[in-house]
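The file target.cif comes next; it holds mmCIF, C-alpha atoms (C1' of nucleotides).
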```
data_work
loop_
_atom_site.group_PDB
_atom_site.id
_atom_site.type_symbol
_atom_site.label_atom_id
_atom_site.label_comp_id
_atom_site.auth_asym_id
_atom_site.auth_seq_id
_atom_site.Cartn_x
_atom_site.Cartn_y
_atom_site.Cartn_z
ATOM 1 C CA MET L 84 23.745 21.363 -132.119
ATOM 2 C CA THR L 85 23.695 19.851 -135.530
ATOM 3 C CA SER L 86 20.222 18.469 -136.054
ATOM 4 C CA GLU L 87 19.287 18.991 -132.466
ATOM 5 C CA LYS L 88 17.766 22.327 -133.214
ATOM 6 C CA GLU L 89 15.456 20.686 -135.697
ATOM 7 C CA LEU L 90 14.702 18.080 -133.088
ATOM 8 C CA MET L 91 13.568 20.792 -130.736
ATOM 9 C CA ALA L 92 11.577 22.545 -133.393
ATOM 10 C CA ALA L 93 10.383 19.140 -134.532
ATOM 11 C CA SER L 94 8.253 18.500 -131.496
ATOM 12 C CA THR L 95 5.455 20.685 -132.786
ATOM 13 C CA SER L 96 5.500 19.500 -136.384
ATOM 14 C CA LEU L 97 5.938 15.962 -135.045
ATOM 15 C CA LEU L 98 2.768 16.235 -132.990
ATOM 16 C CA VAL L 99 0.856 17.888 -135.814
ATOM 17 C CA LEU L 100 1.913 15.131 -138.194
ATOM 18 C CA ALA L 101 1.007 12.496 -135.595
ATOM 19 C CA THR L 102 -2.418 14.096 -135.235
ATOM 20 C CA LEU L 103 -2.975 14.043 -138.987
ATOM 21 C CA ASN L 104 -1.629 10.519 -139.227
ATOM 22 C CA ALA L 105 -4.414 9.378 -136.916
ATOM 23 C CA GLU L 106 -7.049 11.254 -138.880
ATOM 24 C CA PRO L 107 -7.324 14.196 -141.291
ATOM 25 C CA SER L 108 -8.135 17.394 -139.484
ATOM 26 C CA TYR L 109 -8.013 21.183 -139.685
ATOM 27 C CA GLY L 110 -6.097 23.838 -137.803
ATOM 28 C CA TYR L 111 -8.650 24.846 -135.262
ATOM 29 C CA GLU L 112 -9.427 21.244 -134.370
ATOM 30 C CA ILE L 113 -5.758 20.280 -134.158
ATOM 31 C CA VAL L 114 -5.234 22.969 -131.538
ATOM 32 C CA LYS L 115 -8.114 21.581 -129.475
ATOM 33 C CA ARG L 116 -6.981 18.014 -129.955
ATOM 34 C CA LEU L 117 -3.419 18.704 -128.840
ATOM 35 C CA ALA L 118 -4.624 20.483 -125.716
ATOM 36 C CA GLN L 119 -6.993 17.590 -125.033
ATOM 37 C CA ASN L 120 -4.264 14.972 -125.416
ATOM 38 C CA ALA L 121 -2.004 17.029 -123.183
ATOM 39 C CA LYS L 122 -4.777 17.424 -120.613
ATOM 40 C CA ASP L 123 -4.251 21.193 -120.975
ATOM 41 C CA LEU L 124 -0.827 20.878 -119.387
ATOM 42 C CA PHE L 125 0.604 22.075 -122.691
ATOM 43 C CA GLN L 126 -1.280 24.288 -125.100
ATOM 44 C CA TRP L 127 -0.274 25.316 -128.565
ATOM 45 C CA GLN L 128 -1.577 28.605 -129.887
ATOM 46 C CA GLU L 129 -3.274 29.105 -133.231
ATOM 47 C CA GLY L 130 -0.509 31.520 -134.114
ATOM 48 C CA THR L 131 1.879 28.597 -133.779
ATOM 49 C CA ILE L 132 -0.141 25.907 -135.531
ATOM 50 C CA TYR L 133 -1.259 27.740 -138.666
ATOM 51 C CA PRO L 134 2.248 28.693 -139.789
ATOM 52 C CA VAL L 135 3.381 25.119 -139.074
ATOM 53 C CA LEU L 136 0.599 23.742 -141.262
ATOM 54 C CA HIS L 137 1.560 26.119 -144.058
ATOM 55 C CA ARG L 138 5.157 25.047 -143.828
ATOM 56 C CA LEU L 139 4.241 21.355 -143.799
ATOM 57 C CA GLU L 140 2.094 21.908 -146.869
ATOM 58 C CA HIS L 141 4.860 23.836 -148.586
ATOM 59 C CA ASP L 142 7.224 20.960 -147.863
ATOM 60 C CA GLY L 143 4.789 18.410 -149.225
ATOM 61 C CA LEU L 144 4.305 16.578 -145.926
ATOM 62 C CA VAL L 145 0.592 17.336 -145.901
ATOM 63 C CA ARG L 146 -1.894 18.464 -148.500
ATOM 64 C CA ALA L 147 -4.729 20.868 -147.852
ATOM 65 C CA GLN L 148 -8.245 20.871 -149.187
ATOM 66 C CA TRP L 149 -11.090 23.228 -148.491
ATOM 67 C CA GLN L 150 -14.051 21.084 -147.619
ATOM 68 C CA ASP L 151 -17.256 20.988 -149.623
ATOM 69 C CA ALA L 152 -19.854 23.499 -148.515
ATOM 70 C CA GLU L 153 -22.499 20.842 -147.939
ATOM 71 C CA VAL L 154 -20.342 18.978 -145.445
ATOM 72 C CA THR L 155 -20.624 21.810 -142.961
ATOM 73 C CA ARG L 156 -24.323 22.364 -143.467
ATOM 74 C CA GLY L 157 -25.990 22.222 -140.085
ATOM 75 C CA LEU L 158 -22.804 23.025 -138.234
ATOM 76 C CA LYS L 159 -22.496 26.215 -136.312
ATOM 77 C CA GLY L 160 -19.782 28.617 -137.258
ATOM 78 C CA PRO L 161 -18.332 29.525 -140.622
ATOM 79 C CA ARG L 162 -18.923 27.169 -143.518
ATOM 80 C CA ARG L 163 -15.270 26.746 -144.224
ATOM 81 C CA ARG L 164 -12.673 24.328 -142.989
ATOM 82 C CA LYS L 165 -9.295 23.660 -144.502
ATOM 83 C CA TYR L 166 -8.690 19.969 -144.024
ATOM 84 C CA TYR L 167 -5.167 18.657 -143.975
ATOM 85 C CA TYR L 168 -4.182 15.153 -145.031
ATOM 86 C CA ILE L 169 -0.819 13.579 -144.346
ATOM 87 C CA THR L 170 1.071 12.460 -147.455
ATOM 88 C CA ALA L 171 3.349 9.467 -147.980
ATOM 89 C CA LYS L 172 6.283 11.861 -147.622
ATOM 90 C CA GLY L 173 4.683 13.139 -144.442
ATOM 91 C CA ARG L 174 4.462 9.632 -143.014
ATOM 92 C CA ARG L 175 8.132 9.070 -143.721
ATOM 93 C CA ALA L 176 8.951 12.385 -142.067
ATOM 94 C CA LEU L 177 6.817 11.411 -139.092
ATOM 95 C CA ALA L 178 8.727 8.147 -138.714
ATOM 96 C CA ASP L 179 12.037 9.997 -138.970
ATOM 97 C CA LYS L 180 11.085 12.671 -136.481
ATOM 98 C CA THR L 181 9.721 10.072 -134.081
ATOM 99 C CA ALA L 182 12.960 8.102 -134.265
ATOM 100 C CA GLN L 183 14.951 11.290 -133.708
ATOM 101 C CA TRP L 184 12.785 12.210 -130.749
ATOM 102 C CA ASN L 185 13.193 8.778 -129.179
ATOM 103 C CA LEU L 186 16.924 8.914 -129.700
ATOM 104 C CA PHE L 187 17.106 12.279 -128.028
ATOM 105 C CA HIS L 188 14.876 11.086 -125.243
ATOM 106 C CA SER L 189 17.173 8.168 -124.567
ATOM 107 C CA LEU L 190 19.976 10.694 -124.119
ATOM 108 C CA VAL L 191 17.899 12.609 -121.591
ATOM 109 C CA GLU L 192 17.024 9.358 -119.861
ATOM 110 C CA LYS L 193 20.627 8.297 -119.717
ATOM 111 C CA MET L 194 21.785 11.617 -118.347
ATOM 112 C CA THR L 195 19.020 12.092 -115.829
ATOM 113 C CA GLY L 196 19.160 8.513 -114.649
ATOM 114 C CA VAL L 197 15.541 7.810 -115.454
ATOM 115 C CA ARG L 198 14.913 4.164 -116.052
ATOM 116 C CA HIS L 199 12.696 2.640 -118.712
ATOM 117 C CA GLY L 200 9.176 1.739 -117.863
ATOM 118 C CA GLN L 201 7.211 4.011 -115.581
ATOM 119 C CA PRO L 202 8.715 4.069 -112.084
ATOM 120 C CA ALA L 203 6.258 4.376 -109.223
ATOM 121 C CA GLY L 204 5.433 7.952 -108.451
ATOM 122 C CA LYS L 205 6.299 9.234 -111.911
ATOM 123 C CA PRO L 206 3.002 10.334 -113.382
ATOM 124 C CA ALA L 207 2.487 10.272 -117.109
ATOM 125 C CA LEU L 208 -0.253 11.271 -119.511
ATOM 126 C CA ARG L 209 -2.629 8.378 -120.104
ATOM 127 C CA MET U 175 2.127 26.938 -125.058
ATOM 128 C CA THR U 176 2.101 27.904 -121.454
ATOM 129 C CA SER U 177 5.204 26.412 -119.921
ATOM 130 C CA GLU U 178 5.894 24.320 -122.959
ATOM 131 C CA LYS U 179 8.208 26.934 -124.358
ATOM 132 C CA GLU U 180 10.363 26.615 -121.278
ATOM 133 C CA LEU U 181 10.200 22.882 -121.690
ATOM 134 C CA MET U 182 11.732 23.195 -125.123
ATOM 135 C CA ALA U 183 14.372 25.581 -123.933
ATOM 136 C CA ALA U 184 14.805 23.362 -120.893
ATOM 137 C CA SER U 185 16.414 20.474 -122.723
ATOM 138 C CA THR U 186 19.805 22.166 -122.838
ATOM 139 C CA SER U 187 19.796 23.518 -119.299
ATOM 140 C CA LEU U 188 18.363 20.168 -118.195
ATOM 141 C CA LEU U 189 21.305 18.301 -119.684
ATOM 142 C CA VAL U 190 23.807 20.804 -118.345
ATOM 143 C CA LEU U 191 22.329 20.500 -114.864
ATOM 144 C CA ALA U 192 22.311 16.706 -115.182
ATOM 145 C CA THR U 193 25.976 16.816 -116.158
ATOM 146 C CA LEU U 194 26.865 18.965 -113.156
ATOM 147 C CA ASN U 195 24.715 16.826 -110.887
ATOM 148 C CA ALA U 196 26.906 13.860 -111.735
ATOM 149 C CA GLU U 197 30.097 15.816 -111.156
ATOM 150 C CA PRO U 198 31.312 19.429 -111.093
ATOM 151 C CA SER U 199 32.705 20.486 -114.437
ATOM 152 C CA TYR U 200 33.548 23.454 -116.644
ATOM 153 C CA GLY U 201 32.147 24.727 -119.927
ATOM 154 C CA TYR U 202 34.645 23.264 -122.319
ATOM 155 C CA GLU U 203 34.418 19.837 -120.690
ATOM 156 C CA ILE U 204 30.624 19.909 -120.570
ATOM 157 C CA VAL U 205 30.540 20.397 -124.333
ATOM 158 C CA LYS U 206 32.791 17.366 -124.810
ATOM 159 C CA ARG U 207 30.861 15.302 -122.308
ATOM 160 C CA LEU U 208 27.499 15.995 -123.907
ATOM 161 C CA ALA U 209 28.821 15.065 -127.336
ATOM 162 C CA GLN U 210 30.316 11.914 -125.867
ATOM 163 C CA ASN U 211 27.088 10.879 -124.168
ATOM 164 C CA ALA U 212 25.224 11.582 -127.374
ATOM 165 C CA LYS U 213 27.760 9.589 -129.374
ATOM 166 C CA ASP U 214 28.212 12.720 -131.499
ATOM 167 C CA LEU U 215 24.693 12.364 -132.822
ATOM 168 C CA PHE U 216 23.923 15.663 -131.142
ATOM 169 C CA GLN U 217 26.497 18.344 -130.501
ATOM 170 C CA TRP U 218 26.074 21.499 -128.500
ATOM 171 C CA GLN U 219 28.216 24.457 -129.429
ATOM 172 C CA GLU U 220 30.265 26.505 -127.006
ATOM 173 C CA GLY U 221 28.229 29.512 -128.094
ATOM 174 C CA THR U 222 25.207 27.712 -126.686
ATOM 175 C CA ILE U 223 26.676 26.316 -123.480
ATOM 176 C CA TYR U 224 28.484 29.351 -122.097
ATOM 177 C CA PRO U 225 25.445 31.629 -122.118
ATOM 178 C CA VAL U 226 23.418 28.817 -120.541
ATOM 179 C CA LEU U 227 25.962 28.477 -117.743
ATOM 180 C CA HIS U 228 25.882 32.219 -117.138
ATOM 181 C CA ARG U 229 22.116 32.155 -116.967
ATOM 182 C CA LEU U 230 22.110 29.188 -114.587
ATOM 183 C CA GLU U 231 24.594 30.983 -112.366
ATOM 184 C CA HIS U 232 22.552 34.162 -112.462
ATOM 185 C CA ASP U 233 19.485 32.157 -111.440
ATOM 186 C CA GLY U 234 21.364 30.497 -108.586
ATOM 187 C CA LEU U 235 21.080 26.973 -109.959
ATOM 188 C CA VAL U 236 24.845 26.604 -110.136
ATOM 189 C CA ARG U 237 27.768 28.451 -108.639
ATOM 190 C CA ALA U 238 31.037 29.117 -110.392
ATOM 191 C CA GLN U 239 34.564 29.089 -109.073
ATOM 192 C CA TRP U 240 37.832 29.700 -110.838
ATOM 193 C CA GLN U 241 40.075 26.823 -109.945
ATOM 194 C CA ASP U 242 43.362 27.151 -108.119
ATOM 195 C CA ALA U 243 46.396 27.683 -110.323
ATOM 196 C CA GLU U 244 48.221 24.672 -108.936
ATOM 197 C CA VAL U 245 45.448 22.302 -109.895
ATOM 198 C CA THR U 246 46.178 22.805 -113.563
ATOM 199 C CA ARG U 247 49.925 22.634 -113.219
ATOM 200 C CA GLY U 248 51.210 20.073 -115.649
ATOM 201 C CA LEU U 249 48.154 20.281 -117.846
ATOM 202 C CA LYS U 250 48.461 21.565 -121.345
ATOM 203 C CA GLY U 251 46.475 24.614 -122.282
ATOM 204 C CA PRO U 252 45.604 27.709 -120.325
ATOM 205 C CA ARG U 253 45.863 27.575 -116.538
ATOM 206 C CA ARG U 254 42.315 28.627 -116.013
ATOM 207 C CA ARG U 255 39.102 26.704 -115.673
ATOM 208 C CA LYS U 256 35.829 27.969 -114.368
ATOM 209 C CA TYR U 257 34.290 25.082 -112.471
ATOM 210 C CA TYR U 258 30.549 24.956 -111.988
ATOM 211 C CA TYR U 259 28.843 23.257 -109.055
ATOM 212 C CA ILE U 260 25.147 22.493 -108.896
ATOM 213 C CA THR U 261 23.342 24.064 -105.937
ATOM 214 C CA ALA U 262 20.449 22.742 -103.863
ATOM 215 C CA LYS U 263 18.168 25.012 -105.859
ATOM 216 C CA GLY U 264 19.731 23.583 -109.007
ATOM 217 C CA ARG U 265 18.944 20.050 -107.903
ATOM 218 C CA ARG U 266 15.341 20.988 -107.310
ATOM 219 C CA ALA U 267 15.217 22.626 -110.734
ATOM 220 C CA LEU U 268 16.765 19.519 -112.268
ATOM 221 C CA ALA U 269 14.079 17.342 -110.706
ATOM 222 C CA ASP U 270 11.365 19.709 -111.943
ATOM 223 C CA LYS U 271 12.724 19.906 -115.450
ATOM 224 C CA THR U 272 13.168 16.142 -115.603
ATOM 225 C CA ALA U 273 9.566 15.626 -114.519
ATOM 226 C CA GLN U 274 8.408 18.145 -117.115
ATOM 227 C CA TRP U 275 10.451 16.464 -119.795
ATOM 228 C CA ASN U 276 9.035 13.044 -118.931
ATOM 229 C CA LEU U 277 5.525 14.428 -118.931
ATOM 230 C CA PHE U 278 6.058 15.932 -122.345
ATOM 231 C CA HIS U 279 7.655 12.750 -123.584
ATOM 232 C CA SER U 280 4.636 10.751 -122.490
ATOM 233 C CA LEU U 281 2.536 13.048 -124.671
ATOM 234 C CA VAL U 282 4.792 12.362 -127.654
ATOM 235 C CA GLU U 283 4.663 8.660 -126.883
ATOM 236 C CA LYS U 284 0.916 8.682 -126.660
ATOM 237 C CA MET U 285 0.506 10.565 -129.914
ATOM 238 C CA THR U 286 3.070 8.643 -131.902
ATOM 239 C CA GLY U 287 1.919 5.301 -130.592
ATOM 240 C CA VAL U 288 5.295 4.393 -129.147
ATOM 241 C CA ARG U 289 5.005 1.972 -126.275
ATOM 242 C CA HIS U 290 7.011 1.927 -123.077
ATOM 243 C CA GLY U 291 10.117 -0.149 -122.929
ATOM 244 C CA GLN U 292 12.307 -0.407 -125.972
ATOM 245 C CA PRO U 293 10.543 -2.179 -128.846
ATOM 246 C CA ALA U 294 12.686 -4.354 -131.053
ATOM 247 C CA GLY U 295 14.337 -2.379 -133.806
ATOM 248 C CA LYS U 296 14.168 0.918 -131.967
ATOM 249 C CA PRO U 297 17.772 1.815 -131.257
ATOM 250 C CA ALA U 298 18.627 3.939 -128.264
ATOM 251 C CA LEU U 299 21.746 5.462 -126.759
ATOM 252 C CA ARG U 300 23.334 3.082 -124.283
ATOM 253 C "C1'" DT N 4 -29.891 42.145 -131.094
ATOM 254 C "C1'" DA N 5 -25.863 40.909 -128.779
ATOM 255 C "C1'" DG N 6 -22.933 37.369 -127.345
ATOM 256 C "C1'" DT N 7 -20.438 33.149 -128.044
ATOM 257 C "C1'" DA N 8 -18.253 29.525 -130.624
ATOM 258 C "C1'" DT N 9 -16.260 28.345 -134.707
ATOM 259 C "C1'" DA N 10 -12.597 28.958 -138.185
ATOM 260 C "C1'" DC N 11 -9.291 31.175 -140.850
ATOM 261 C "C1'" DC N 12 -5.238 34.306 -140.784
ATOM 262 C "C1'" DT N 13 -1.105 37.910 -139.829
ATOM 263 C "C1'" DT N 14 2.037 41.003 -137.217
ATOM 264 C "C1'" DG N 15 5.534 42.493 -133.723
ATOM 265 C "C1'" DA N 16 8.169 41.224 -129.801
ATOM 266 C "C1'" DT N 17 10.935 37.906 -127.396
ATOM 267 C "C1'" DA N 18 14.169 34.339 -126.863
ATOM 268 C "C1'" DA N 19 17.143 30.446 -128.051
ATOM 269 C "C1'" DG N 20 20.417 28.335 -130.929
ATOM 270 C "C1'" DC N 21 24.109 28.523 -134.274
ATOM 271 C "C1'" DA N 22 28.102 29.876 -136.899
ATOM 272 C "C1'" DA N 23 31.764 32.503 -136.674
ATOM 273 C "C1'" DG N 24 34.982 34.927 -134.669
ATOM 274 C "C1'" DG N 25 38.158 36.622 -130.923
ATOM 275 C "C1'" DT N 26 41.652 36.061 -126.931
ATOM 276 C "C1'" DA N 27 45.071 33.507 -124.511
ATOM 277 C "C1'" DT N 28 48.086 29.601 -122.758
ATOM 278 C "C1'" DA N 29 51.002 25.638 -123.214
ATOM 279 C "C1'" DG N 30 52.763 21.401 -125.229
ATOM 280 C "C1'" DC N 31 54.912 19.375 -129.275
ATOM 281 C "C1'" DA N 32 56.900 18.709 -133.739
ATOM 282 C "C1'" DA N 33 59.614 20.374 -137.619
ATOM 283 C "C1'" DT E 282 62.232 29.018 -132.905
ATOM 284 C "C1'" DT E 283 58.543 28.733 -135.350
ATOM 285 C "C1'" DG E 284 54.192 27.294 -136.009
ATOM 286 C "C1'" DC E 285 50.548 23.957 -135.230
ATOM 287 C "C1'" DT E 286 47.269 21.890 -132.169
ATOM 288 C "C1'" DA E 287 44.588 21.432 -128.023
ATOM 289 C "C1'" DT E 288 42.728 23.618 -124.300
ATOM 290 C "C1'" DA E 289 39.656 27.143 -122.303
ATOM 291 C "C1'" DC E 290 37.259 31.257 -121.911
ATOM 292 C "C1'" DC E 291 34.074 34.537 -124.234
ATOM 293 C "C1'" DT E 292 30.841 37.685 -127.536
ATOM 294 C "C1'" DT E 293 28.316 39.195 -131.748
ATOM 295 C "C1'" DG E 294 24.959 38.905 -135.601
ATOM 296 C "C1'" DC E 295 21.710 36.067 -137.993
ATOM 297 C "C1'" DT E 296 18.003 32.962 -138.184
ATOM 298 C "C1'" DT E 297 14.012 30.807 -136.570
ATOM 299 C "C1'" DA E 298 10.170 29.432 -133.430
ATOM 300 C "C1'" DT E 299 6.870 30.778 -130.319
ATOM 301 C "C1'" DC E 300 3.679 33.773 -128.253
ATOM 302 C "C1'" DA E 301 0.341 37.399 -127.451
ATOM 303 C "C1'" DA E 302 -2.564 40.045 -129.629
ATOM 304 C "C1'" DG E 303 -5.239 41.352 -133.012
ATOM 305 C "C1'" DG E 304 -8.161 41.045 -137.339
ATOM 306 C "C1'" DT E 305 -11.994 38.948 -140.396
ATOM 307 C "C1'" DA E 306 -16.123 36.329 -140.996
ATOM 308 C "C1'" DT E 307 -20.083 33.050 -140.156
ATOM 309 C "C1'" DA E 308 -23.849 31.022 -137.614
ATOM 310 C "C1'" DC E 309 -26.217 29.449 -133.635
ATOM 311 C "C1'" DT E 310 -28.385 30.984 -129.176
ATOM 312 C "C1'" DA E 311 -30.243 33.741 -125.523
#
```
Kindly transcribe the structure held in the file into structure tokens.
Amino acid sequence: MTSEKELMAASTSLLVLATLNAEPSYGYEIVKRLAQNAKDLFQWQEGTIYPVLHRLEHDGLVRAQWQDAEVTRGLKGPRRRKYYYITAKGRRALADKTAQWNLFHSLVEKMTGVRHGQPAGKPALR
Amino acid sequence: MTSEKELMAASTSLLVLATLNAEPSYGYEIVKRLAQNAKDLFQWQEGTIYPVLHRLEHDGLVRAQWQDAEVTRGLKGPRRRKYYYITAKGRRALADKTAQWNLFHSLVEKMTGVRHGQPAGKPALR
DNA sequence: TAGTATACCTTGATAAGCAAGGTATAGCAA
DNA sequence: TTGCTATACCTTGCTTATCAAGGTATACTA
């Protein structure tokens, strides 16, 4: 595999970037949101997501900002959240990774004989 | 990730099983065939495929058989090929893994906002 | 006062892929 | 005949991603 390994590894960072592209968020919430979108069929662990966020930040695809103390006033739990925002570079990376994913998916489709569209009896997440 | 980790790891065994489902084959040829189907955009290494085949055989999803000597007569190269055949259990596994892959893909689609069908300007392998 | 939910994080084990190398056979060209 | 290339099998060591598990701390709630 040349870039296929990154494609595999990309699925998590891809989904994290997609989450942040929709709306800024923080680690704990991203975990919940992914599980929610996947209807709990797939669940990422915190131990997976936090290192990914750190790497994305290190690579400049997202930037992090501890929220103001007053924002959390009235909320239960600790008064600290590290919000992540996708950057312009992150949006480009998201587009690239999405294109790569779709390309790889079309290979799987071709080889497994799955047709486009959603054939009857093939459930999908909605 | 619950079974998501297997889903990631599944992409290679999925494609190997799909290859063998189309037609019995052997390691060296499978590598070539995958690269060909992927138009060399993705390339699996022998060091990846052989262990996968051994694992699939160990799990009973394929069975292996050294070919007869006469079959290779006239061919260049060594007179030995280890042909792999998909089993009934392998076909069930292929169906399962394909369903899992499609489920996961629908999550990616949902989160990246990609619609079904092939939107204009989104190239795919044909 | 104890439990639960929120929110951050790290560590050690497991597993998959890759690059690189190794062995061997046979055709073909110099 | 000598050496290159293609075929065909395989293993080893490194890297990297994920997970399970644990740790810290805050604040609401029973």
Output as CSV one row per residue of chain E within 10 Å of chain U: the closest atom pair and its distance in Å to one decimal place, counting only C-alpha atoms (C1' of nucleotides), sorted by chain and residue number ascending.
```
residue,atom,partner,partner_atom,distance
E:DA287,C1',U:Gly251,CA,6.8
E:DT288,C1',U:Gly251,CA,4.4
E:DA289,C1',U:Pro252,CA,6.3
E:DC290,C1',U:Arg255,CA,7.9
E:DC291,C1',U:Tyr224,CA,7.9
E:DT292,C1',U:Gly221,CA,8.6
E:DA298,C1',U:Lys179,CA,9.6
E:DT299,C1',U:Lys179,CA,7.2
E:DC300,C1',U:Met175,CA,7.7
```
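Picked out by the PyMOL selection byres ((chain U and resi 229-237) around 7) when it runs on this file: Pro225, Val226, Leu227, His228, Ala238, Gln239, Tyr258, Tyr259, Ile260, Thr261, Lys263 and Gly264 of chain U.
Using only C-alpha atoms, the shortest contact distance between chain L and any of U:Gln210, U:Pro198, U:Gln217, U:Trp240 is found at U:Gln217.
Residues matched by the PyMOL selection byres ((chain N) within 8 of (chain U)) in this structure: DA19, DG20, DC21, DA27, DT28, DA29 and DG30 of chain N.
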Kindly resolve the PyMOL selection byres ((chain N and resi 7) around 10) on the present coordinates and return the residues as a ChimeraX atom specification. /N:5-6,8-9 /E:309-310
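For the pair atom CA of L:Ala178 and atom CA of L:Leu97, the interatomic distance is 9.1 Å.
Reported to one decimal place, the separation of atom CA of L:Val99 from atom CA of L:Ile113 is 7.2 Å.
Using all atoms listed in the file, the shortest contact distance between chain U and any of L:Ala176, L:Ala101, L:Ser96, L:Ala171 is found at L:Ala101.
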Mind giving me the straight-line distance from atom CA of L:Thr181 to atom CA of U:Lys206 in Å, one decimal? 25.9 Å
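In terms of minimum interatomic distance to chain L, U:Leu277 ranks closest within U:Arg265, U:Leu277, U:Glu283, U:Ser199, counting only C-alpha atoms.
Distances here use all atoms listed in the file; by that measure, the residue among U:Glu197, U:Phe216, U:Gln274, U:Val205 closest to chain L is U:Phe216.
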With a distance cut-off of 12 Å and only C-alpha atoms (C1' of nucleotides), select the neighbouring residues of N:DA33, excluding the residue or stretch itself and same-chain residues fewer than 6 positions from it, and output the selection as a PyMOL selection string. chain E and resi 282-285
Emit the selected residues as a tab-separated table (two decimals), keeping the file's coordinate frame, including C-alpha atoms (C1' of nucleotides).
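Output file selection36.tsv follows:
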```tsv
chain	number	residue	atom	x	y	z
E	282	DT	C1'	62.23	29.02	-132.90
E	283	DT	C1'	58.54	28.73	-135.35
E	284	DG	C1'	54.19	27.29	-136.01
E	285	DC	C1'	50.55	23.96	-135.23
```
